[in-house]
>>> print(open('structure-v3.cif').read())   # mmCIF, C-alpha atoms
data_my_file
#
loop_
_atom_site.group_PDB
_atom_site.id
_atom_site.type_symbol
_atom_site.label_atom_id
_atom_site.label_comp_id
_atom_site.auth_asym_id
_atom_site.auth_seq_id
_atom_site.Cartn_x
_atom_site.Cartn_y
_atom_site.Cartn_z
ATOM 1 C CA MET O 1 65.967 0.873 40.731
ATOM 2 C CA THR O 2 67.351 4.396 40.743
ATOM 3 C CA ASP O 3 66.285 7.047 38.233
ATOM 4 C CA ARG O 4 69.697 6.790 36.573
ATOM 5 C CA GLU O 5 69.413 2.991 36.236
ATOM 6 C CA ARG O 6 65.900 3.347 34.806
ATOM 7 C CA LYS O 7 67.094 5.970 32.265
ATOM 8 C CA ASN O 8 69.945 3.673 31.224
ATOM 9 C CA LEU O 9 67.617 0.703 30.831
ATOM 10 C CA LEU O 10 64.564 2.391 29.279
ATOM 11 C CA ARG O 11 65.611 4.144 26.099
ATOM 12 C CA LYS O 12 63.776 6.772 24.025
ATOM 13 C CA ASP O 13 66.299 6.731 21.182
ATOM 14 C CA ILE O 14 65.514 3.236 19.864
ATOM 15 C CA GLU O 15 62.728 2.026 17.581
ATOM 16 C CA ASP O 16 62.710 -1.681 18.394
ATOM 17 C CA GLY O 17 62.191 -3.204 21.788
ATOM 18 C CA LEU O 18 59.342 -3.423 24.234
ATOM 19 C CA PRO O 19 57.318 -0.244 24.907
ATOM 20 C CA MET O 20 57.255 0.336 28.649
ATOM 21 C CA ASP O 21 55.212 3.491 29.142
ATOM 22 C CA GLY O 22 52.712 3.430 26.276
ATOM 23 C CA SER O 23 54.674 5.969 24.268
ATOM 24 C CA ARG O 24 58.423 6.328 23.792
ATOM 25 C CA ALA O 25 60.347 4.616 26.585
ATOM 26 C CA ARG O 26 61.424 1.168 25.407
ATOM 27 C CA LEU O 27 63.259 -1.763 26.870
ATOM 28 C CA PRO O 28 65.998 -2.666 24.331
ATOM 29 C CA GLN O 29 65.308 -5.788 22.283
ATOM 30 C CA LYS O 30 68.232 -7.701 23.821
ATOM 31 C CA GLU O 31 66.668 -7.140 27.271
ATOM 32 C CA CYS O 32 63.168 -8.181 26.140
ATOM 33 C CA PHE O 33 63.738 -11.886 26.510
ATOM 34 C CA ASN O 34 64.271 -11.794 30.265
ATOM 35 C CA HIS O 35 61.390 -12.559 32.599
ATOM 36 C CA LEU O 36 58.741 -9.945 33.251
ATOM 37 C CA LEU O 37 55.897 -9.705 35.738
ATOM 38 C CA LEU O 38 53.521 -6.768 35.408
ATOM 39 C CA VAL O 39 51.226 -6.207 38.371
ATOM 40 C CA GLY O 40 48.690 -3.476 38.998
ATOM 41 C CA SER O 41 45.146 -2.993 40.164
ATOM 42 C CA SER O 42 42.224 -2.625 37.749
ATOM 43 C CA GLY O 43 42.248 0.533 35.665
ATOM 44 C CA VAL O 44 45.873 1.577 36.159
ATOM 45 C CA GLY O 45 46.768 1.082 32.483
ATOM 46 C CA LYS O 46 48.397 -2.359 32.258
ATOM 47 C CA SER O 47 46.566 -3.129 29.010
ATOM 48 C CA THR O 48 46.486 0.363 27.505
ATOM 49 C CA ASN O 49 50.043 1.405 28.318
ATOM 50 C CA PHE O 50 51.875 -1.894 28.126
ATOM 51 C CA GLN O 51 50.083 -4.953 26.754
ATOM 52 C CA ILE O 52 48.434 -3.461 23.657
ATOM 53 C CA PRO O 53 51.446 -1.309 22.569
ATOM 54 C CA THR O 54 53.654 -4.367 23.041
ATOM 55 C CA LEU O 55 51.390 -6.478 20.823
ATOM 56 C CA LEU O 56 51.183 -3.755 18.166
ATOM 57 C CA THR O 57 54.984 -3.673 17.975
ATOM 58 C CA ALA O 58 55.413 -7.443 18.174
ATOM 59 C CA LEU O 59 58.658 -8.887 16.900
ATOM 60 C CA PRO O 60 57.920 -10.724 13.628
ATOM 61 C CA ASN O 61 59.668 -14.043 14.305
ATOM 62 C CA ALA O 62 58.456 -14.509 17.861
ATOM 63 C CA SER O 63 55.573 -16.303 19.541
ATOM 64 C CA TYR O 64 53.380 -14.728 22.180
ATOM 65 C CA ALA O 65 50.992 -16.138 24.764
ATOM 66 C CA VAL O 66 48.731 -13.387 26.063
ATOM 67 C CA THR O 67 46.347 -13.513 29.004
ATOM 68 C CA ASP O 68 43.417 -11.273 28.155
ATOM 69 C CA VAL O 69 40.463 -11.893 30.432
ATOM 70 C CA SER O 70 38.547 -8.758 29.360
ATOM 71 C CA GLY O 71 39.139 -9.288 25.626
ATOM 72 C CA GLU O 72 40.418 -5.718 25.220
ATOM 73 C CA ALA O 73 43.863 -6.656 23.890
ATOM 74 C CA ASP O 74 42.304 -9.128 21.452
ATOM 75 C CA GLU O 75 39.797 -6.556 20.240
ATOM 76 C CA LYS O 76 42.449 -3.872 19.702
ATOM 77 C CA SER O 77 45.319 -5.932 18.300
ATOM 78 C CA ALA O 78 44.186 -9.236 16.733
ATOM 79 C CA GLY O 79 43.137 -7.704 13.398
ATOM 80 C CA TYR O 80 46.486 -5.983 12.974
ATOM 81 C CA LEU O 81 48.485 -9.012 14.103
ATOM 82 C CA THR O 82 46.612 -11.225 11.635
ATOM 83 C CA ALA O 83 47.198 -8.695 8.840
ATOM 84 C CA VAL O 84 50.966 -8.715 9.433
ATOM 85 C CA GLY O 85 51.144 -12.513 9.413
ATOM 86 C CA PHE O 86 50.617 -13.731 12.968
ATOM 87 C CA ASN O 87 48.397 -16.782 13.480
ATOM 88 C CA VAL O 88 46.150 -15.597 16.321
ATOM 89 C CA LYS O 89 44.461 -18.342 18.335
ATOM 90 C CA ARG O 90 42.137 -17.783 21.258
ATOM 91 C CA ILE O 91 41.256 -19.979 24.199
ATOM 92 C CA ASN O 92 38.054 -18.502 25.563
ATOM 93 C CA LEU O 93 36.841 -20.453 28.564
ATOM 94 C CA MET O 94 33.695 -18.331 28.864
ATOM 95 C CA ASP O 95 32.478 -18.695 25.260
ATOM 96 C CA ALA O 96 33.572 -21.843 23.426
ATOM 97 C CA ALA O 97 32.173 -20.506 20.125
ATOM 98 C CA LYS O 98 34.837 -17.758 20.216
ATOM 99 C CA SER O 99 37.629 -20.135 21.160
ATOM 100 C CA HIS O 100 40.213 -22.140 19.266
ATOM 101 C CA GLN O 101 38.699 -25.580 19.573
ATOM 102 C CA TYR O 102 41.459 -27.578 21.235
ATOM 103 C CA ASN O 103 40.212 -31.113 21.829
ATOM 104 C CA PRO O 104 42.526 -33.392 23.831
ATOM 105 C CA VAL O 105 40.193 -36.371 23.289
ATOM 106 C CA GLU O 106 40.896 -36.436 19.553
ATOM 107 C CA LEU O 107 44.611 -36.853 20.311
ATOM 108 C CA CYS O 108 43.967 -40.145 22.133
ATOM 109 C CA LYS O 109 44.731 -43.207 20.002
ATOM 110 C CA THR O 110 45.461 -45.975 22.509
ATOM 111 C CA THR O 111 44.026 -47.243 25.784
ATOM 112 C CA THR O 112 47.044 -45.753 27.541
ATOM 113 C CA ASP O 113 46.287 -42.341 25.990
ATOM 114 C CA TYR O 114 42.774 -42.401 27.470
ATOM 115 C CA ASP O 115 44.164 -43.461 30.845
ATOM 116 C CA LYS O 116 46.677 -40.580 30.757
ATOM 117 C CA LEU O 117 43.962 -38.065 29.837
ATOM 118 C CA ALA O 118 41.779 -39.331 32.699
ATOM 119 C CA GLU O 119 44.771 -39.001 35.043
ATOM 120 C CA LEU O 120 45.342 -35.432 33.844
ATOM 121 C CA LEU O 121 41.687 -34.464 34.247
ATOM 122 C CA VAL O 122 41.467 -35.845 37.782
ATOM 123 C CA SER O 123 44.867 -34.529 38.898
ATOM 124 C CA SER O 124 44.023 -31.029 37.612
ATOM 125 C CA SER O 125 41.120 -30.910 40.073
ATOM 126 C CA GLY O 126 43.596 -29.798 42.705
ATOM 127 C CA ASN O 127 43.650 -32.528 45.355
ATOM 128 C CA SER O 128 45.677 -35.194 43.619
ATOM 129 C CA GLN O 129 46.939 -37.906 45.936
ATOM 130 C CA GLU O 130 48.388 -41.205 44.800
ATOM 131 C CA GLY O 131 46.381 -44.160 46.095
ATOM 132 C CA ASN O 132 43.305 -42.119 47.014
ATOM 133 C CA PHE O 133 40.314 -44.434 46.525
ATOM 134 C CA TRP O 134 37.932 -41.738 45.258
ATOM 135 C CA GLN O 135 40.419 -40.226 42.842
ATOM 136 C CA ASP O 136 41.499 -43.617 41.539
ATOM 137 C CA SER O 137 37.832 -44.506 41.044
ATOM 138 C CA ALA O 138 37.187 -41.216 39.241
ATOM 139 C CA LYS O 139 40.141 -41.891 36.912
ATOM 140 C CA MET O 140 38.779 -45.361 36.141
ATOM 141 C CA VAL O 141 35.258 -44.073 35.410
ATOM 142 C CA ILE O 142 36.529 -41.211 33.230
ATOM 143 C CA SER O 143 38.952 -43.442 31.333
ATOM 144 C CA ASN O 144 36.246 -46.045 30.648
ATOM 145 C CA LEU O 145 33.726 -43.403 29.532
ATOM 146 C CA LEU O 146 36.340 -41.899 27.190
ATOM 147 C CA LYS O 147 36.996 -45.338 25.659
ATOM 148 C CA ILE O 148 33.271 -45.957 25.206
ATOM 149 C CA LEU O 149 32.795 -42.487 23.713
ATOM 150 C CA ALA O 150 35.608 -43.271 21.251
ATOM 151 C CA ASN O 151 33.465 -46.086 19.814
ATOM 152 C CA TYR O 152 30.612 -43.706 19.009
ATOM 153 C CA PRO O 153 30.542 -43.361 15.191
ATOM 154 C CA ASP O 154 30.282 -39.541 15.000
ATOM 155 C CA LYS O 155 33.878 -38.389 15.607
ATOM 156 C CA GLU O 156 32.734 -34.807 16.308
ATOM 157 C CA CYS O 157 31.153 -36.125 19.519
ATOM 158 C CA HIS O 158 34.520 -37.312 20.872
ATOM 159 C CA ASN O 159 35.142 -34.352 23.193
ATOM 160 C CA LEU O 160 35.197 -33.272 26.831
ATOM 161 C CA HIS O 161 31.727 -31.738 26.584
ATOM 162 C CA ASN O 162 30.211 -35.131 25.781
ATOM 163 C CA LEU O 163 32.344 -36.807 28.449
ATOM 164 C CA LYS O 164 30.795 -34.390 30.959
ATOM 165 C CA PHE O 165 27.359 -35.182 29.534
ATOM 166 C CA LEU O 166 27.944 -38.922 30.117
ATOM 167 C CA ILE O 167 29.161 -38.284 33.667
ATOM 168 C CA ASN O 168 26.040 -36.205 34.353
ATOM 169 C CA GLN O 169 23.902 -39.051 33.007
ATOM 170 C CA MET O 170 25.207 -41.234 35.843
ATOM 171 C CA VAL O 171 23.038 -39.104 38.132
ATOM 172 C CA ILE O 172 20.298 -37.792 35.821
ATOM 173 C CA ASP O 173 19.320 -40.734 33.629
ATOM 174 C CA LYS O 174 21.033 -44.070 34.236
ATOM 175 C CA THR O 175 18.767 -45.810 31.712
ATOM 176 C CA ASN O 176 20.081 -43.781 28.772
ATOM 177 C CA LEU O 177 23.653 -44.157 30.002
ATOM 178 C CA ASN O 178 23.217 -47.939 30.361
ATOM 179 C CA HIS O 179 21.838 -48.115 26.808
ATOM 180 C CA PHE O 180 24.772 -46.048 25.462
ATOM 181 C CA VAL O 181 27.341 -48.154 27.333
ATOM 182 C CA SER O 182 25.833 -51.458 26.248
ATOM 183 C CA LYS O 183 25.780 -50.293 22.621
ATOM 184 C CA TYR O 184 29.324 -48.812 22.386
ATOM 185 C CA ALA O 185 31.422 -50.647 24.979
ATOM 186 C CA VAL O 186 33.706 -53.196 23.348
#
>>> encode(input="structure-v3.cif", output="C-alpha cells")
Amino acid sequence: MTDRERKNLLRKDIEDGLPMDGSRARLPQKECFNHLLLVGSSGVGKSTNFQIPTLLTALPNASYAVTDVSGEADEKSAGYLTAVGFNVKRINLMDAAKSHQYNPVELCKTTTDYDKLAELLVSSSGNSQEGNFWQDSAKMVISNLLKILANYPDKECHNLHNLKFLINQMVIDKTNLNHFVSKYAV
C-alpha cells in the first residue's frame, strides 16, 4: 500500500471507526467489517495500540470475540465495556474459576447427543480418521461414560471434568469405576 493509499484509507478527521495507530488514525466504520489479520512479535504494541483502543471504542450494536492470552485487554477494557452495556464473557482455559462455565454435557438430552459429543471430543484430538479402530473405541467408551454420568443424581457433576475423572479411573482405580458403572448404568 502506498503512502497516498494509506492516507486515503486511514482518516484522522472522523470520530467513529476502528483506531489503527493507538491515537487518531482510524479505519472508517464502513471499512471495519472487512477481514483483518494483525500480526507482530511480542512487545510491538498489538494490544496497546490496536486491540485495547478498539475495544474501548467498540460499536454499541456489535459483537466481539477477542483472543487475549495475557489477560491485558480484559483487565483494561472489561470494566468499561460492562459499564456501557456489553455482556462480557470469558473462556479461560488456564483458570476455570475465571471462565464462563460453558458445559456441553448439559446440552445433551438424547443418546444421539451423547454420541455426537463423544465424536466431537475424539475428532478434536487431531487425528480423526473414519473407521479407525482406536478412535471408534474411544468414541464408544466416552459416549457410554457420558450416558452413565448423566444418570448420576447431582446434575452439577455432569461435566467434562468428571468425564475425565471417570476415564482416569479406568487406569487408576477400576474397582471404584466398576462400582459407579454398576450403580448408574441403565
>>> residues_around(input="structure-v3.cif", residues="O:Leu117", least_positions_apart="2", cutoff="8 Å", atoms="all atoms listed in the file", output="ChimeraX atom specification")
/O:104-105,108,113-115,119-121,143
>>> resolve_selection(input="structure-v3.cif", expression="the PyMOL selection byres ((chain O and resi 66) around 12)", output="compact mmCIF listing (two decimals) with C-alpha atoms, in the frame of the given file")
# COMPACT_ATOMS: atom_id res chain seq x y z
CA SER O 47 46.57 -3.13 29.01
CA GLN O 51 50.08 -4.95 26.75
CA ILE O 52 48.43 -3.46 23.66
CA THR O 54 53.65 -4.37 23.04
CA LEU O 55 51.39 -6.48 20.82
CA ALA O 58 55.41 -7.44 18.17
CA SER O 63 55.57 -16.30 19.54
CA TYR O 64 53.38 -14.73 22.18
CA ALA O 65 50.99 -16.14 24.76
CA THR O 67 46.35 -13.51 29.00
CA ASP O 68 43.42 -11.27 28.16
CA VAL O 69 40.46 -11.89 30.43
CA SER O 70 38.55 -8.76 29.36
CA GLY O 71 39.14 -9.29 25.63
CA GLU O 72 40.42 -5.72 25.22
CA ALA O 73 43.86 -6.66 23.89
CA ASP O 74 42.30 -9.13 21.45
CA SER O 77 45.32 -5.93 18.30
CA ALA O 78 44.19 -9.24 16.73
CA VAL O 88 46.15 -15.60 16.32
CA LYS O 89 44.46 -18.34 18.34
CA ARG O 90 42.14 -17.78 21.26
CA ILE O 91 41.26 -19.98 24.20
CA ASN O 92 38.05 -18.50 25.56
>>> atom_distance(input="structure-v3.cif", atom1="atom CA of O:Thr112", atom2="atom CA of O:Ala150")
13.3 Å
>>> atom_distance(input="structure-v3.cif", atom1="atom CA of O:Lys139", atom2="atom CA of O:Lys164")
13.4 Å
>>> closest_residue(input="structure-v3.cif", among="O:Asn87, O:Ser41, O:Ser124, O:Gln29", to="O:Leu59", atoms="all atoms listed in the file")
O:Gln29
>>> resolve_selection(input="structure-v3.cif", expression="the PyMOL selection byres ((chain O and resi 184) around 8)", output="ChimeraX atom specification")
/O:148-149,151-152,180-183,185-186
>>> resolve_selection(input="structure-v3.cif", expression="the PyMOL selection byres ((chain O and resi 101) around 12)", output="VMD selection string")
chain O and resid 89 to 93 95 to 100 102 to 106 156 159 to 161
>>> atom_distance(input="structure-v3.cif", atom1="atom CA of O:Ala118", atom2="atom CA of O:Asn176")
22.5 Å
